[in-house]
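Student: Structure file entry.cif (mmCIF, C-alpha atoms) is given on the next line.
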```
data_target
#
loop_
_atom_site.label_atom_id
_atom_site.label_comp_id
_atom_site.auth_asym_id
_atom_site.auth_seq_id
_atom_site.Cartn_x
_atom_site.Cartn_y
_atom_site.Cartn_z
CA THR A 1 25.70 9.08 2.50
CA ALA A 2 26.07 11.69 -0.22
CA SER A 3 26.15 9.01 -2.91
CA ILE A 4 23.00 7.32 -1.60
CA LYS A 5 21.13 10.62 -1.41
CA SER A 6 22.21 11.58 -4.91
CA ALA A 7 21.10 8.26 -6.38
CA ALA A 8 17.79 8.38 -4.49
CA LYS A 9 17.18 11.90 -5.78
CA THR A 10 17.65 10.82 -9.39
CA VAL A 11 15.17 7.98 -9.02
CA ALA A 12 12.71 10.13 -7.04
CA GLN A 13 12.75 12.66 -9.87
CA ASN A 14 12.07 9.90 -12.39
CA LEU A 15 9.09 8.89 -10.28
CA ARG A 16 7.96 12.53 -10.26
CA ALA A 17 8.16 12.60 -14.06
CA LEU A 18 5.50 9.88 -14.11
CA TYR A 19 3.13 11.91 -11.92
CA PRO A 20 0.79 13.44 -14.54
CA SER A 21 0.27 16.89 -13.03
CA ASN A 22 0.52 18.59 -16.44
CA GLU A 23 -2.24 16.52 -18.03
CA THR A 24 -5.68 18.07 -18.54
CA TRP A 25 -7.34 15.07 -16.87
CA PHE A 26 -5.03 15.14 -13.82
CA VAL A 27 -6.51 14.67 -10.33
CA PRO A 28 -4.12 15.34 -7.42
CA GLY A 29 -3.22 12.08 -5.70
CA GLU A 30 -3.71 9.89 -8.76
CA PHE A 31 -1.23 8.57 -11.32
CA GLY A 32 -3.96 7.84 -13.82
CA LEU A 33 -2.98 6.34 -17.15
CA ILE A 34 0.18 4.63 -18.32
CA GLN A 35 1.70 6.37 -21.32
CA THR A 36 2.99 4.05 -24.07
CA PRO A 37 5.70 4.89 -26.62
CA ASP A 38 3.22 5.47 -29.44
CA GLY A 39 1.39 8.06 -27.36
CA SER A 40 -1.66 5.92 -26.64
CA ASN A 41 -2.83 5.23 -23.12
CA ASP A 42 -2.47 1.59 -22.11
CA LYS A 43 -4.08 1.15 -18.69
CA GLY A 44 -4.27 2.92 -15.40
CA TYR A 45 -2.55 2.65 -12.07
CA TYR A 46 -4.91 1.73 -9.30
CA TRP A 47 -5.71 4.40 -6.71
CA TRP A 48 -3.88 2.62 -3.90
CA GLU A 49 -0.50 2.84 -5.63
CA ALA A 50 -0.66 6.63 -5.58
CA GLY A 51 -1.19 6.46 -1.81
CA ALA A 52 1.82 4.18 -1.59
CA ALA A 53 3.89 6.68 -3.60
CA MET A 54 2.87 9.51 -1.24
CA GLY A 55 4.21 7.41 1.62
CA ALA A 56 7.41 6.75 -0.30
CA TRP A 57 7.99 10.47 -0.87
CA ILE A 58 7.38 11.16 2.83
CA GLU A 59 10.10 8.64 3.65
CA TYR A 60 12.34 10.20 0.98
CA TRP A 61 12.01 13.60 2.65
CA HIS A 62 12.75 12.06 6.05
CA TYR A 63 15.88 10.24 4.93
CA THR A 64 17.36 12.85 2.60
CA GLY A 65 16.03 16.20 3.83
CA ASP A 66 15.01 17.06 0.25
CA SER A 67 11.57 18.71 0.39
CA GLN A 68 10.94 19.17 -3.34
CA PHE A 69 8.04 16.68 -3.37
CA ASN A 70 6.37 17.76 -0.13
CA ASP A 71 3.78 20.01 -1.77
CA ILE A 72 2.76 17.18 -4.11
CA VAL A 73 2.30 14.88 -1.13
CA THR A 74 0.25 17.32 0.92
CA GLU A 75 -1.97 18.25 -2.01
CA GLY A 76 -2.54 14.66 -3.08
CA MET A 77 -3.19 13.26 0.38
CA LEU A 78 -5.66 15.99 1.27
CA ARG A 79 -7.44 15.76 -2.07
CA GLN A 80 -8.05 12.02 -1.66
CA VAL A 81 -9.38 11.98 1.92
CA GLY A 82 -12.96 11.61 0.72
CA GLU A 83 -16.16 13.24 1.80
CA LYS A 84 -15.93 11.87 5.37
CA GLN A 85 -12.17 12.28 5.76
CA ASN A 86 -11.49 8.57 6.01
CA TYR A 87 -9.94 7.71 2.62
CA GLU A 88 -13.18 6.38 1.21
CA PRO A 89 -13.76 8.87 -1.64
CA GLN A 90 -16.94 8.17 -3.56
CA ALA A 91 -14.95 8.25 -6.79
CA GLN A 92 -13.21 5.04 -5.64
CA THR A 93 -16.25 3.27 -4.22
CA LEU A 94 -16.62 0.75 -7.02
CA SER A 95 -13.08 -0.59 -6.55
CA LEU A 96 -12.45 0.02 -2.85
CA GLY A 97 -10.46 -2.65 -1.07
CA ASN A 98 -9.42 -2.66 2.58
CA ASP A 99 -5.82 -2.86 1.42
CA ASP A 100 -6.29 0.13 -0.92
CA GLN A 101 -7.62 2.27 1.88
CA ALA A 102 -4.94 1.05 4.29
CA PHE A 103 -2.09 2.18 2.03
CA TRP A 104 -3.39 5.73 2.29
CA GLY A 105 -3.78 5.20 6.04
CA ILE A 106 -0.17 4.14 6.53
CA ALA A 107 0.98 7.11 4.43
CA ALA A 108 -0.88 9.37 6.85
CA MET A 109 0.67 7.44 9.74
CA ALA A 110 4.13 7.98 8.24
CA ALA A 111 3.43 11.69 8.01
CA ALA A 112 2.62 11.76 11.72
CA GLU A 113 5.60 9.58 12.72
CA ARG A 114 8.11 11.43 10.56
CA ALA A 115 6.86 14.85 11.74
CA PHE A 116 6.01 15.75 8.15
CA PRO A 117 4.72 19.34 7.93
CA ASP A 118 1.19 19.46 9.32
CA PRO A 119 -1.70 20.52 7.07
CA PRO A 120 -3.44 23.86 7.71
CA SER A 121 -5.55 23.75 10.85
CA ASP A 122 -8.80 23.78 8.88
CA LYS A 123 -7.80 20.60 7.04
CA PRO A 124 -7.79 16.97 8.27
CA GLN A 125 -4.67 16.09 10.23
CA TRP A 126 -2.35 13.16 9.57
CA LEU A 127 -2.88 11.25 12.81
CA ALA A 128 -6.66 11.68 12.67
CA LEU A 129 -6.68 10.34 9.11
CA ALA A 130 -4.73 7.24 10.15
CA GLN A 131 -7.15 6.74 13.05
CA ALA A 132 -10.12 7.17 10.72
CA VAL A 133 -8.87 4.39 8.44
CA PHE A 134 -8.23 2.11 11.40
CA ASN A 135 -11.66 2.75 12.90
CA ARG A 136 -13.43 2.10 9.63
CA GLN A 137 -11.62 -1.18 9.18
CA ALA A 138 -12.13 -2.30 12.77
CA SER A 139 -15.86 -1.92 12.17
CA ARG A 140 -15.57 -4.42 9.29
CA TRP A 141 -13.91 -7.18 11.33
CA ASP A 142 -15.96 -10.19 10.28
CA THR A 143 -16.55 -12.85 12.93
CA GLN A 144 -19.36 -14.53 10.99
CA HIS A 145 -16.92 -16.11 8.56
CA CYS A 146 -13.57 -17.73 9.39
CA ASN A 147 -13.85 -16.60 13.03
CA GLY A 148 -12.57 -13.13 12.19
CA GLY A 149 -10.49 -11.21 9.73
CA LEU A 150 -11.05 -8.54 7.13
CA ARG A 151 -12.34 -9.25 3.67
CA TRP A 152 -10.21 -8.07 0.77
CA GLN A 153 -12.93 -5.93 -0.81
CA VAL A 154 -15.20 -3.48 0.97
CA VAL A 155 -18.05 -3.44 -1.54
CA SER A 156 -20.09 -6.64 -1.63
CA THR A 157 -20.51 -6.59 -5.42
CA ASN A 158 -16.76 -6.63 -6.06
CA LYS A 159 -14.92 -9.75 -7.09
CA GLY A 160 -12.84 -10.68 -4.06
CA TYR A 161 -15.47 -9.81 -1.44
CA ASP A 162 -15.42 -13.49 -0.47
CA TYR A 163 -11.64 -13.45 0.01
CA LYS A 164 -9.72 -12.76 3.21
CA ASN A 165 -6.18 -11.91 2.24
CA ALA A 166 -2.86 -11.33 3.92
CA ILE A 167 -2.26 -7.77 2.80
CA SER A 168 -5.58 -6.41 4.08
CA ASN A 169 -5.23 -8.11 7.45
CA GLY A 170 -1.50 -7.48 7.63
CA LEU A 171 -1.93 -3.75 7.02
CA PHE A 172 -4.67 -3.59 9.67
CA PHE A 173 -2.33 -5.30 12.14
CA HIS A 174 0.54 -3.05 11.09
CA LEU A 175 -1.45 0.18 11.38
CA GLY A 176 -2.83 -0.82 14.78
CA ALA A 177 0.68 -1.51 16.07
CA ARG A 178 1.90 1.87 14.85
CA LEU A 179 -1.05 3.70 16.37
CA ALA A 180 -0.43 1.93 19.67
CA ARG A 181 3.18 3.06 19.74
CA TYR A 182 2.42 6.61 18.65
CA THR A 183 -0.52 7.26 20.98
CA GLY A 184 0.30 4.88 23.85
CA ASN A 185 -3.29 3.61 23.65
CA GLN A 186 -3.47 -0.07 24.60
CA SER A 187 -6.70 -0.60 22.68
CA TYR A 188 -4.82 -0.31 19.37
CA ALA A 189 -2.30 -2.89 20.59
CA ASP A 190 -5.13 -5.22 21.59
CA TRP A 191 -6.64 -4.97 18.12
CA ALA A 192 -3.23 -5.48 16.51
CA GLU A 193 -2.54 -8.61 18.53
CA LYS A 194 -6.01 -9.90 17.74
CA ALA A 195 -5.41 -9.43 14.00
CA TYR A 196 -1.99 -11.06 14.16
CA ASP A 197 -3.18 -14.04 16.18
CA TRP A 198 -6.08 -14.54 13.76
CA SER A 199 -3.63 -14.48 10.83
CA ARG A 200 -1.62 -17.25 12.50
CA GLU A 201 -4.71 -19.31 13.34
CA SER A 202 -6.19 -18.93 9.86
CA GLY A 203 -3.00 -20.07 8.16
CA LEU A 204 -2.26 -16.79 6.37
CA VAL A 205 0.92 -16.88 8.47
CA SER A 206 1.92 -20.52 8.17
CA SER A 207 3.52 -22.75 10.79
CA ASP A 208 6.91 -22.04 9.20
CA TYR A 209 6.12 -18.31 9.01
CA LYS A 210 5.62 -18.02 5.30
CA ILE A 211 2.90 -15.51 4.43
CA TYR A 212 0.34 -16.90 2.00
CA ASP A 213 -1.92 -14.70 -0.06
CA GLY A 214 -5.40 -15.59 1.16
CA ALA A 215 -8.39 -17.81 1.86
CA HIS A 216 -11.90 -17.86 0.42
CA ILE A 217 -15.17 -17.83 2.30
CA PRO A 218 -16.83 -20.17 3.26
CA GLU A 219 -14.05 -22.77 3.21
CA CYS A 220 -11.69 -20.50 5.19
CA VAL A 221 -8.74 -22.60 4.09
CA VAL A 222 -5.73 -20.95 2.46
CA SER A 223 -6.45 -21.28 -1.24
CA SER A 224 -3.69 -19.10 -2.66
CA VAL A 225 -0.18 -19.99 -1.57
CA TYR A 226 1.51 -17.24 -3.55
CA GLN A 227 4.13 -15.43 -1.49
CA TRP A 228 4.74 -11.72 -2.01
CA THR A 229 7.45 -9.54 -0.50
CA TYR A 230 5.09 -6.90 0.82
CA ASN A 231 3.00 -9.46 2.71
CA ALA A 232 6.11 -10.70 4.50
CA GLY A 233 7.27 -7.16 5.19
CA VAL A 234 4.01 -5.85 6.58
CA TYR A 235 3.74 -8.61 9.18
CA LEU A 236 7.42 -8.41 10.08
CA SER A 237 7.37 -4.66 10.64
CA GLY A 238 4.06 -4.85 12.51
CA ALA A 239 5.64 -7.33 14.91
CA ALA A 240 8.62 -4.97 15.28
CA TYR A 241 6.29 -2.09 16.22
CA MET A 242 4.62 -4.31 18.81
CA TYR A 243 8.04 -5.26 20.18
CA ASN A 244 8.95 -1.59 20.45
CA PHE A 245 5.59 -0.69 22.00
CA THR A 246 6.26 -3.20 24.78
CA ASN A 247 9.80 -1.80 25.23
CA GLY A 248 11.23 -5.13 24.17
CA THR A 249 9.87 -6.85 27.26
CA ASN A 250 7.38 -9.13 25.48
CA GLN A 251 9.28 -12.22 24.38
CA LYS A 252 6.42 -13.16 22.05
CA TRP A 253 7.16 -10.34 19.67
CA LYS A 254 10.91 -10.90 19.66
CA ASN A 255 10.32 -14.53 18.76
CA GLU A 256 7.82 -13.63 16.05
CA ILE A 257 10.19 -11.08 14.54
CA GLN A 258 13.00 -13.61 14.37
CA LYS A 259 10.86 -16.28 12.74
CA LEU A 260 9.17 -13.93 10.29
CA MET A 261 12.50 -12.39 9.35
CA ASN A 262 14.24 -15.72 8.82
CA ALA A 263 11.37 -16.84 6.57
CA THR A 264 12.06 -13.94 4.17
CA ALA A 265 15.55 -15.20 3.29
CA ASP A 266 14.04 -17.71 0.91
CA PRO A 267 12.39 -16.87 -1.47
CA PHE A 268 12.85 -13.09 -1.30
CA PHE A 269 16.64 -12.80 -1.52
CA SER A 270 18.83 -14.35 -4.18
CA LYS A 271 21.57 -16.86 -3.50
CA ASP A 272 23.77 -16.18 -6.54
CA PRO A 273 24.62 -13.36 -6.38
CA PRO A 274 23.67 -13.28 -2.71
CA ASN A 275 21.26 -11.06 -0.82
CA ILE A 276 19.54 -9.25 -3.69
CA MET A 277 15.83 -8.66 -3.19
CA GLN A 278 13.53 -10.40 -5.67
CA GLU A 279 9.81 -10.77 -6.29
CA SER A 280 10.32 -14.45 -7.00
CA THR A 281 6.65 -15.32 -7.62
CA CYS A 282 6.51 -13.28 -10.83
CA GLU A 283 9.88 -11.67 -11.52
CA PHE A 284 11.30 -14.54 -13.56
CA GLY A 285 8.12 -15.56 -15.31
CA PHE A 286 7.00 -19.08 -16.09
CA THR A 287 9.90 -19.63 -18.48
CA GLY A 288 12.63 -18.12 -16.31
CA THR A 289 12.97 -15.18 -18.67
CA ASP A 290 10.29 -12.52 -19.09
CA PRO A 291 8.55 -11.46 -15.85
CA THR A 292 4.84 -11.97 -15.40
CA CYS A 293 4.47 -9.28 -12.73
CA ASN A 294 1.44 -7.08 -13.24
CA THR A 295 1.41 -3.33 -12.59
CA ASP A 296 0.73 -3.73 -8.87
CA GLN A 297 3.30 -6.46 -8.29
CA ARG A 298 6.08 -4.38 -9.83
CA SER A 299 5.88 -2.08 -6.81
CA PHE A 300 5.84 -4.67 -4.00
CA LYS A 301 9.59 -4.55 -3.31
CA ALA A 302 9.22 -0.84 -2.50
CA TYR A 303 7.10 -1.62 0.55
CA PHE A 304 9.25 -4.58 1.52
CA ALA A 305 12.28 -2.28 1.65
CA ARG A 306 10.34 0.32 3.64
CA PHE A 307 9.09 -2.31 6.08
CA LEU A 308 12.61 -3.67 6.56
CA GLY A 309 13.71 -0.15 7.46
CA TYR A 310 10.91 0.13 10.02
CA THR A 311 11.84 -3.26 11.43
CA TYR A 312 15.44 -2.20 11.95
CA GLN A 313 14.40 1.03 13.68
CA MET A 314 11.85 -0.66 15.94
CA ALA A 315 13.97 -3.74 16.70
CA PRO A 316 17.69 -2.97 16.23
CA PHE A 317 18.70 -6.58 16.98
CA THR A 318 17.65 -7.30 13.36
CA ALA A 319 20.53 -5.24 11.93
CA ASP A 320 22.82 -8.17 11.09
CA PHE A 321 20.12 -9.66 8.88
CA ILE A 322 18.63 -6.52 7.35
CA ILE A 323 21.53 -4.14 6.67
CA PRO A 324 23.68 -6.45 4.48
CA ARG A 325 20.64 -7.30 2.39
CA LEU A 326 19.57 -3.69 1.96
CA LYS A 327 23.13 -2.79 0.96
CA ALA A 328 23.58 -5.59 -1.58
CA THR A 329 20.15 -4.89 -3.01
CA ALA A 330 20.79 -1.15 -3.32
CA VAL A 331 24.01 -1.71 -5.28
CA ALA A 332 22.25 -4.04 -7.71
CA ALA A 333 19.11 -1.90 -7.93
CA ALA A 334 21.08 1.26 -8.72
CA ALA A 335 22.98 -0.62 -11.41
CA SER A 336 19.65 -1.54 -13.02
CA CYS A 337 18.88 2.15 -13.58
CA ASN A 338 20.83 2.64 -16.80
CA GLY A 339 17.97 2.34 -19.28
CA GLY A 340 16.22 4.75 -21.61
CA SER A 341 17.59 7.78 -23.42
CA SER A 342 18.50 9.38 -20.09
CA GLY A 343 20.47 6.34 -18.95
CA THR A 344 18.65 6.48 -15.60
CA ILE A 345 15.45 4.47 -16.18
CA CYS A 346 15.14 1.61 -13.68
CA GLY A 347 14.21 -1.99 -14.40
CA LEU A 348 12.24 -4.59 -12.52
CA SER A 349 14.76 -7.37 -11.87
CA TRP A 350 17.97 -6.31 -10.16
CA ILE A 351 19.96 -9.55 -10.16
CA LYS A 352 21.63 -8.83 -13.51
CA SER A 353 22.73 -5.40 -12.22
CA THR A 354 21.73 -3.73 -15.49
CA TYR A 355 18.50 -2.48 -17.04
CA ASP A 356 16.32 -5.44 -17.99
CA GLY A 357 14.06 -3.58 -20.40
CA ALA A 358 11.10 -3.54 -18.04
CA PRO A 359 8.43 -2.32 -17.98
CA TYR A 360 8.01 -3.55 -21.52
CA GLY A 361 6.39 -1.13 -23.93
CA ILE A 362 6.19 1.81 -21.54
CA ALA A 363 8.17 4.87 -22.54
CA LYS A 364 9.32 6.38 -19.25
CA GLY A 365 9.57 3.32 -17.09
CA GLY A 366 7.06 2.42 -14.41
CA VAL A 367 5.88 3.86 -11.13
CA GLY A 368 6.45 0.54 -9.36
CA GLU A 369 9.98 0.04 -10.66
CA HIS A 370 11.14 3.52 -9.66
CA MET A 371 9.38 3.55 -6.32
CA ALA A 372 11.02 0.21 -5.47
CA VAL A 373 14.54 1.38 -6.29
CA MET A 374 14.00 4.67 -4.45
CA GLU A 375 12.83 2.91 -1.29
CA VAL A 376 15.72 0.44 -1.36
CA LEU A 377 18.25 3.23 -1.76
CA GLN A 378 16.89 5.53 0.93
CA ASN A 379 16.46 2.75 3.47
CA ASN A 380 20.22 2.29 3.41
CA LEU A 381 20.25 5.53 5.42
CA VAL A 382 18.22 3.93 8.20
CA PRO A 383 21.15 3.31 10.63
CA GLN A 384 21.87 7.05 10.84
CA SER A 385 18.24 8.18 10.74
CA LYS A 386 16.00 9.29 13.59
CA PRO A 387 13.37 6.64 14.37
CA PRO A 388 9.66 7.41 14.04
CA VAL A 389 8.45 9.87 16.65
CA THR A 390 5.51 9.41 19.00
CA ALA A 391 3.09 11.87 20.59
CA ASN A 392 5.53 12.08 23.51
CA SER A 393 8.75 12.30 21.53
CA GLY A 394 8.35 15.07 18.98
CA GLY A 395 5.08 14.27 17.26
CA THR A 396 2.90 17.29 16.49
CA SER A 397 0.03 15.77 14.54
CA VAL A 398 -3.42 16.19 16.06
CA GLY A 399 -5.46 13.03 16.47
CA ASN A 400 -9.10 12.12 16.82
CA ALA A 401 -9.78 8.73 18.36
CA ALA A 402 -13.35 8.77 17.01
CA ALA A 403 -12.39 9.76 13.46
CA GLY A 404 -13.95 8.01 10.50
CA GLY A 405 -16.79 6.43 12.38
CA ASN A 406 -19.53 8.58 10.86
CA GLY A 407 -18.92 7.67 7.25
CA PRO A 408 -21.56 5.81 5.25
CA ASP A 409 -20.99 2.19 4.38
CA PRO A 410 -19.77 2.21 0.76
CA ASN A 411 -22.26 -0.59 0.10
CA ASP A 412 -25.06 1.85 0.90
CA LEU A 413 -24.02 3.90 -2.10
CA LEU A 414 -24.78 0.98 -4.42
CA GLN A 415 -27.84 -1.07 -5.19
CA THR A 416 -26.67 -4.49 -4.09
CA ASP A 417 -30.06 -6.27 -3.83
CA PRO A 418 -31.93 -7.73 -6.82
CA SER A 419 -34.37 -5.29 -8.36
CA THR A 420 -37.92 -5.56 -7.03
CA THR A 421 -41.00 -5.58 -9.21
CA GLY A 422 -41.57 -1.97 -8.21
CA ASP A 423 -38.00 -1.07 -9.17
CA LYS A 424 -38.46 -2.67 -12.57
CA ALA A 425 -41.84 -1.00 -13.12
CA GLY A 426 -40.40 2.37 -12.17
CA ALA A 427 -37.47 1.82 -14.50
CA GLY A 428 -39.87 0.87 -17.30
CA ILE A 429 -41.93 4.01 -16.83
CA LEU A 430 -38.81 6.14 -16.81
CA THR A 431 -37.54 4.44 -19.96
CA ALA A 432 -40.86 5.04 -21.70
CA VAL A 433 -40.87 8.72 -20.72
CA VAL A 434 -37.30 9.23 -21.92
CA LEU A 435 -37.96 7.33 -25.16
CA GLY A 436 -41.07 9.40 -25.83
CA PHE A 437 -39.12 12.58 -25.25
CA MET A 438 -36.33 11.47 -27.60
CA LEU A 439 -38.84 10.56 -30.35
CA SER A 440 -40.56 13.92 -29.98
CA LEU A 441 -37.22 15.70 -30.15
CA THR A 442 -36.24 13.72 -33.27
CA TYR A 443 -39.56 14.60 -34.95
CA TRP A 444 -39.07 18.30 -34.10
CA LEU A 445 -35.51 18.28 -35.50
CA VAL A 446 -36.67 16.58 -38.73
CA LYS A 447 -39.55 19.00 -39.20
CA SER A 448 -37.22 21.96 -38.59
#
```
When written as structure tokens, how does the structure in this file appear?

Tutor:
Amino acid sequence: TASIKSAAKTVAQNLRALYPSNETWFVPGEFGLIQTPDGSNDKGYYWWEAGAAMGAWIEYWHYTGDSQFNDIVTEGMLRQVGEKQNYEPQAQTLSLGNDDQAFWGIAAMAAAERAFPDPPSDKPQWLALAQAVFNRQASRWDTQHCNGGLRWQVVSTNKGYDYKNAISNGLFFHLGARLARYTGNQSYADWAEKAYDWSRESGLVSSDYKIYDGAHIPECVVSSVYQWTYNAGVYLSGAAYMYNFTNGTNQKWKNEIQKLMNATADPFFSKDPPNIMQESTCEFGFTGTDPTCNTDQRSFKAYFARFLGYTYQMAPFTADFIIPRLKATAVAAAASCNGGSSGTICGLSWIKSTYDGAPYGIAKGGVGEHMAVMEVLQNNLVPQSKPPVTANSGGTSVGNAAAGGNGPDPNDLLQTDPSTTGDKAGAGILTAVVLGFMLSLTYWLVKS
């Protein structure tokens, strides 16, 4: 236990070093730009990954008792709630996906379930925030296309608005199952089952329980058969929460857990050496050497590890499958953290049990790589850890079943329709006025 906690602490501190709180452009709850060795800024981390990291640090505190990151979590999560306290901040409107919002929602849910210190009473509360996210997404359930499901993107002008994907629908299912267990409210369970059954009927969850990435409207046929660890994990753990909510009496959920779990063995765990977690779709690249994983995909194993931990706690009969794999993966993952000048920077691929040089060209390592190793390590403490609480078993977070419902549709903040003649005329007049002003100002400056 002491060794696991010590290793997790080292990696958690490396993750903290990537959180740019000392930068002049820093916004609490955002990782912002990736710093490259030459000092230039390469590209940014998307907003959702910061929400995922807040959830990871909540789990770190739960498993280790180390509270050094708690203030960062509270500040970041409260700063990003948005104007209507539903994790739809206007600053993120142009790139808002249902999955992005849901990652903040499940971080808030984790705070409620882990009895993370409650915010001040005049601030939004963890449970109410999770409910707000769920309510907003339930209102977007789209029966006009594909007989149900959530679209990937919230804003109609975004690429991907015509795509219904596994992670958005899986997180909605997962959050509903967790809310059902925490509150005891059957309506959340009904929504969760509806989302799961739709995922099976639509083919996102295949007949052999592989989780495929998504389907486009209007065909509504799975068009991307990529498999990602976090998709498998989110459905598996959602089923485990439903099993626990029904006190293990619903055979459906036990059967679904078993089939979903068995389907993760291949391709998400190696055979030689055995039982090491891998993001097989991108980790080995097209040539079997350099990975092709993008910034997002480098973090997916973090959530898979977290979801395996939840599955074990909600459905202990899964222990014989999950625990040996978490253990083997943790040994290999820790061995990958011997890079950089500190000798503690973590790589992407863990099978070689040494630093693989990833992420290439980034000085301090990556958020995704370190979050993934941290989550794998700390979830090895799951057998001796207290399971998530509920409102009746130690939960203190205040809820609001109607939360989130009064927020504006993000599409209303944009002009999504073609410009009318009047719009164009008005724009022309405005342009002429501004141009005339600028010419007058230029003449005045020249004459002066």

Student: Mind telling me what the PyMOL selection byres ((chain A and resi 149-152) around 6) catches here, as a list in words?

Tutor: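 Taken over the shown coordinates, the PyMOL selection byres ((chain A and resi 149-152) around 6) returns Gly97, Asn98, Trp141, Asp142, Gly148, Gln153, Tyr161, Tyr163, Lys164, Asn165, Ser168 and Asn169 of chain A.
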
Student: Enter the distance from CA of Ile211 in chain A to CA of Ala195 in chain A, in Å, rounded to one decimal.

Tutor: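 Taking CA of Ile211 in chain A as the start and CA of Ala195 in chain A as the end point, the length is 14.1 Å.
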
Student: What is the CA of Asn185 in chain A-CA of Ala130 in chain A distance in Å, reported with one decimal?

Tutor: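 A separation of 14.1 Å between them.
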
Student: Looking at only C-alpha atoms, which of A:Gly340, A:Ala358, A:Glu279, A:Gly404 is the one that sits closest to Val133 in chain A?

Tutor: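 The shortest atom-to-atom distance to Val133 in chain A comes from A:Gly404.
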
Student: Which distance in Å separates CA of Ser341 in chain A and CA of Met374 in chain A, to one decimal?

Tutor: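 So the two atoms, CA of Ser341 in chain A and CA of Met374 in chain A, lie 19.6 Å apart.
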
Student: Applying the PyMOL selection byres ((chain A and resi 80) around 9) to the file I just gave you, which residues come out? Please list them as a CSV table (one decimal) with C-alpha atoms, in the frame of the given file.

Tutor:
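After the write, selection_0.csv holds the following:
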```
chain,number,residue,atom,x,y,z
A,28,PRO,CA,-4.1,15.3,-7.4
A,29,GLY,CA,-3.2,12.1,-5.7
A,30,GLU,CA,-3.7,9.9,-8.8
A,51,GLY,CA,-1.2,6.5,-1.8
A,75,GLU,CA,-2.0,18.2,-2.0
A,76,GLY,CA,-2.5,14.7,-3.1
A,77,MET,CA,-3.2,13.3,0.4
A,78,LEU,CA,-5.7,16.0,1.3
A,79,ARG,CA,-7.4,15.8,-2.1
A,81,VAL,CA,-9.4,12.0,1.9
A,82,GLY,CA,-13.0,11.6,0.7
A,83,GLU,CA,-16.2,13.2,1.8
A,85,GLN,CA,-12.2,12.3,5.8
A,87,TYR,CA,-9.9,7.7,2.6
A,88,GLU,CA,-13.2,6.4,1.2
A,89,PRO,CA,-13.8,8.9,-1.6
A,104,TRP,CA,-3.4,5.7,2.3
```

Student: For a quick check of understanding, using only C-alpha atoms, which of A:Ala328, A:Val367, A:Ala115, A:Leu236 has the smallest distance to Ile345 in chain A?

Tutor: A:Val367

Student: For Ala319 in chain A, list every protein, DNA or RNA residue within 12 Å, evaluated using all atoms listed in the file, and leave out those in the same chain fewer than 6 positions away; present the list as a PyMOL selection string.

Tutor: chain A and resi 258+261+308-313+325-327+380+382-383

Student: Would you kindly translate the PyMOL selection byres ((chain A and resi 20) around 10) into the concrete residues it picks from this file, as JSON, numbers by chain?

Tutor: {"A": [16, 17, 18, 19, 21, 22, 23, 24, 25, 26, 27, 28, 29, 30, 31, 32, 33, 34, 35]}

Student: Have a look at A:Lys194, A:Lys254, A:His370, A:His216 and name the one nearest to Pro316 in chain A; count only C-alpha atoms.

Tutor: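 When distances to Pro316 in chain A are compared using only C-alpha atoms, the smallest one comes from A:Lys254.
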
Student: Calculated over all atoms listed in the file, which of the candidates A:Gly238, A:Gly233, A:Pro117, A:Gly105 has the smallest distance to Ala263 in chain A?

Tutor: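 Among the listed residues, A:Gly233 lies closest to Ala263 in chain A.
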
Student: Measuring between only C-alpha atoms, which one of A:Ala402, A:Ala332, A:Met242, A:Met314 shows the shortest distance to Ala138 in chain A?

Tutor: A:Ala402

Student: Padding 4 Å on each side, edges along x, y and z: where is the centre of the box around the listed atoms of range 368-374 of chain A, and how long are its edges in Å to one decimal? Output it as JSON.

Tutor:
```
{"center_x": 10.5, "center_y": 2.4, "center_z": -7.6, "size_x": 16.1, "size_y": 12.6, "size_z": 14.2}
```

Student: Under the rule that all atoms listed in the file are counted, which of A:Asp162, A:Glu201, A:Glu369, A:Asp99 is the nearest residue to Ala334 in chain A?

Tutor: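 Closest to Ala334 in chain A, using all atoms listed in the file: A:Glu369.
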
Student: So that I can see what lies close to range 267-272 of chain A, please list as a list in words the residues with an atom at most 9 Å from it, counting only C-alpha atoms and leaving out residues fewer than 6 positions away in the same chain.

Tutor: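 Listed by chain and then number, they are Gln227, Trp228, Thr229, Gln278, Glu279, Ser280, Thr281, Arg325, Thr329 and Ile351 of chain A.
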
Student: Contacts of Thr10 in chain A at 12 Å or less, counting all atoms listed in the file, minus same-chain residues fewer than 3 places along, as a VMD selection string?

Tutor: chain A and resid 3 to 7 13 to 17 60 66 334 337 to 338 342 to 346 370 to 371 373 to 374 377 to 378
